[in-house]
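Data first, discussion second: the structure below is written as structure tokens.
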Amino acid sequence: MPVITLLSDFGSMYPAQMKGVILRINPDVHLIDITHDIPPQDVQAGAFVLMMAAAYYPKGTVHVAVVDPGVGTLRRSILVESQGQIFVGPDNGLLIPAAIRLSQDITVREITNRKLFLTVSSTFHGRDIFAPVAAHLSKGLSPSDVGKRIDDYIKLDFGVIKIDGYRITGKVIYMDDFGNIITNIPGEQILKLFNYGDMLTAANTGMPFVRTFADVAHRELLMLIGSHGYLEISVNSGSAVRRLRLQIEDEIQISRMNTGSR
Amino acid sequence: MPVITLLSDFGSMYPAQMKGVILRINPDVHLIDITHDIPPQDVQAGAFVLMMAAAYYPKGTVHVAVVDPGVGTLRRSILVESQGQIFVGPDNGLLIPAAIRLSQDITVREITNRKLFLTVSSTFHGRDIFAPVAAHLSKGLSPSDVGKRIDDYIKLDFGVIKIDGYRITGKVIYMDDFGNIITNIPGEQILKLFNYGDMLTAANTGMPFVRTFADVAHRELLMLIGSHGYLEISVNSGSAVRRLRLQIEDEIQISRMNTGSR
Amino acid sequence: MPVITLLSDFGSMYPAQMKGVILRINPDVHLIDITHDIPPQDVQAGAFVLMMAAAYYPKGTVHVAVVDPGVGTLRRSILVESQGQIFVGPDNGLLIPAAIRLSQDITVREITNRKLFLTVSSTFHGRDIFAPVAAHLSKGLSPSDVGKRIDDYIKLDFGVIKIDGYRITGKVIYMDDFGNIITNIPGEQILKLFNYGDMLTAANTGMPFVRTFADVAHRELLMLIGSHGYLEISVNSGSAVRRLRLQIEDEIQISRMNTGSR
């Protein structure tokens, strides 16, 4: 049975309409919610969550992702193929990091085949365009029957990090429901400069760089390489978001803590 | 594979018990959550969300809906057939708008066949009555084996609108997770009196009537015909609920804005 | 199609990664979320919800439960068999009440067969160990191929109650999303001492012991035997949690209300 995943900022109610549309076209499909709790209109957060999930799905999966502040405007609808998986959604960058992480070699098409659509509303392309297109793809429709290749799609990435001696500068790219703060600094970069057990600073706050939460006392701050492969700032059995009051996009400088000794 | 949907005000935990009951009786079924986040005991909100979803589901779908302040009292349990879909739940109006929207020609039965039930608790008929009945129906049990037809079921609708020259009076019937305010005023009524681009007033506040959110500047109020087909009051990339402080059932008067010119 | 359930304190994002891992190994499986909204690190709340759900699932179900403050430490990973169902998760007590409720006769194994794992991160064993092990079990892998039996696993229960004449002392073990307060006092114990309609006190507050919510007026406190079989304190169409400000683990004394007459 093929898999269709759904990701959006819709909260409840609207995803159920999309699922009905899909099941009418293809009743033999696994419907998996990645999440519908992306903060409203936060394309970057949606792109991050989709990227992290897609890497674990089987070939043939069709991902429908809708975080779409431009719905009903001239923004295009696209389909992206990468490593045997297909992504369907708005042309606003949302789908690109997930596709690129699977393979640098991606194919992007504009969705133009109106025969696949429901009557199109101005405000809910998730239901009227993306859901039926995904359902037809899950039944074997060729992507080339959906629309023509384009190369001028909107790109999105999570920024570059700067390394200056023993200081790495990156930024906050996501905060999860535990209150872990996820940066764009790859774990392998950290491991080139620092060792587990080192006292480091981030956001002007000292904390140890450890392997897992329970390596520090309850309610203590720590840094670790998270399950995403990026550096995270966390609190053991607590919320780093509440402790440090950082925001998405805030700059994060990591360096060795000045211990006063020289 | 047949589809069973679930809708309730249960939040987490209780729906999982219903799903176990269903899968024990029919392991070959799609289980789809419409939502379990209906505000507690809000039968009208549940009826609206069910109505909006059911229209998109395939024939043969069985919908189990439970918003049930009268559980354990003498209120009846009912089953409603409409256009090849079946609705199962309490006799308090919850199921009726969804069934009527599919077809005016509905059949309502009281659920009385106790052989289908689990041991019945006083507080969780979703698990003990509605889930097993739905599972048996999804396996092909005839509705006539569940109970006898009744005609004195509880009705529920979303009120009537009043049109007085160029003023339409309706009411708020739902607020979604984005903060969009959904009224009971059908889009086609608005289009008979006004044009896209008109400045209108609602709740004593002026705002343009447009096709989609991005037709106004960020954080600006607007009116549009939503994906449900009803007039909605929204804020582009923001929450109209937070801006206007309206409540469910509040009256909404729509008229052309008095611009001072005559 | 076999059933795998998922329970965690992950909120959104992380469960979708686990589902992808499972579907890659076994595409022919029902994936059912019990909940991902267990309060962070609250092993006891997770154990209660899992216990309540598992009793309704078919034989052959594999339950993956992850509330895991000790992830990445030396705490073991375990698998528990009981009455034809299998539970997979951390060795911290989380799985035990659910397994014991199905049958006193449980078998516990340490999960040690690394050939079944993904590359193991220090912080997300749900994805890297429990999900793939569950997927293989759902395809028929024998539990004995996962690891050896152990007897020194961590136990967890919901405490014992004390009965002293006509006074029963127990404690709060869970609060649901409606605001119902669930105690560890079995319904049959209450029925031995009191009758429906009696005025009782709990938390120094008088309230009637009734069959269902609607047996008292709107917004009134009540006690009933909940759908779990335990004594619950509730408010008709309201939240007892908000009214009484009790906490998990708070002691609850139930006795007949002193009416002043003697």
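Residue numbering restarts at 1 in every chain; chains get A, B, ... in the order shown in the structure tokens, and ligands count up from 1 in that same order.
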Using only C-alpha atoms, which residues of chain B come within 10 Å of chain A, and what is the closest atom pair for each, with the distance in Å to one decimal? Give it as a tab-separated table, sorted by chain and residue number.
residue	atom	partner	partner_atom	distance
B:Met1	CA	A:Pro27	CA	6.5
B:Pro2	CA	A:Pro27	CA	7.9
B:Val3	CA	A:Leu23	CA	8.4
B:Thr5	CA	A:Ala16	CA	9.0
B:Leu7	CA	A:Met13	CA	9.7
B:His30	CA	A:His30	CA	8.5
B:Leu31	CA	A:Leu31	CA	9.5
B:Ile32	CA	A:Ala16	CA	7.6
B:Asp33	CA	A:Ala16	CA	7.0
B:Ile34	CA	A:Ala16	CA	4.9
B:Thr35	CA	A:Ser12	CA	5.8
B:His36	CA	A:Ser12	CA	8.3
B:Asp37	CA	A:Ser12	CA	7.2
B:Ile38	CA	A:Ser12	CA	8.9
B:Gly46	CA	A:Met13	CA	10.0
B:Phe48	CA	A:Met13	CA	9.8
B:Val49	CA	A:Met13	CA	6.2
B:Leu50	CA	A:Met13	CA	8.5
B:Met52	CA	A:Gln17	CA	7.4
B:Ala53	CA	A:Gln17	CA	4.9
B:Ala54	CA	A:Gly20	CA	7.7
B:Ala55	CA	A:Gln17	CA	8.2
B:Tyr56	CA	A:Gly20	CA	4.9
B:Tyr57	CA	A:Gly20	CA	4.3
B:Pro58	CA	A:Arg24	CA	5.0
B:Lys59	CA	A:Arg24	CA	8.4
B:Thr61	CA	A:Gly20	CA	9.6
B:Asp176	CA	A:Met13	CA	7.9
B:Asp177	CA	A:Gly11	CA	5.7
B:Phe178	CA	A:Pro40	CA	6.9
B:Val210	CA	A:Ser122	CA	9.9
B:Arg211	CA	A:Ser122	CA	6.3
B:Thr212	CA	A:Ser122	CA	5.6
B:Phe213	CA	A:Thr123	CA	7.5
B:Ala214	CA	A:Gly70	CA	6.0
B:Asp215	CA	A:Thr73	CA	7.8
B:Leu224	CA	A:Thr123	CA	9.1
B:Ile225	CA	A:Ser122	CA	8.5
B:Gly226	CA	A:Thr123	CA	6.6
B:Ser227	CA	A:Phe124	CA	5.9
B:His228	CA	A:Ser121	CA	9.1
B:Gly229	CA	A:Ser121	CA	8.9
B:Asn236	CA	A:Pro69	CA	8.2
B:Ser237	CA	A:Gln41	CA	6.7
B:Gly238	CA	A:Pro40	CA	8.3
B:Ser239	CA	A:Pro40	CA	9.8
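When DSSP reads the backbone of this structure, the residues of region 77-166 of chain B it assigns to strand (DSSP E or B) are Ser77, Ile78, Leu79, Val80, Glu81, Ser82, Gln85, Ile86, Phe87, Val88, Gly89, Pro90, Thr107, Val108, Arg109, Glu110, Arg149, Lys162, Ile163 and Asp164 of chain B.
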Sel. of alpha helix (DSSP H) residues, region 39-179 of chain A, as a PyMOL selection string: chain A and resi 43-54+96-102+125+131-138
Quick one: residues within 6 Å of region 140-146 of chain A, only C-alpha atoms counted, chain neighbours fewer than 4 positions away excluded, as number ranges by chain?
A: 111, 113, 136
Please produce a file of those selected residues containing N, CA and C atoms, as a tab-separated table (two decimals), in the first residue's frame.
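Output saved as part.tsv:
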chain	number	residue	atom	x	y	z
A	111	ILE	N	2.61	22.33	-11.37
A	111	ILE	CA	1.36	21.54	-11.45
A	111	ILE	C	0.36	22.37	-12.25
A	113	ASN	N	-2.03	20.55	-14.70
A	113	ASN	CA	-3.06	19.71	-15.31
A	113	ASN	C	-4.38	19.81	-14.54
A	136	HIS	N	-3.67	10.85	-7.17
A	136	HIS	CA	-3.43	10.27	-8.50
A	136	HIS	C	-1.99	9.78	-8.63
Which residues, written as a ChimeraX atom specification, have at least one atom at most 9 Å from Ile129 (chain A), with only C-alpha atoms counted and residues fewer than 3 positions away on the same chain left out? /A:77,89,111,114,116-120,124-126,132-134
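Once Lys162 (chain C) and its same-chain neighbours fewer than 4 positions away are set aside, Arg167, Ile168, Thr169, Gly170, Ile185 and Gln253 of chain C remain within 10 Å of it when counting only C-alpha atoms.
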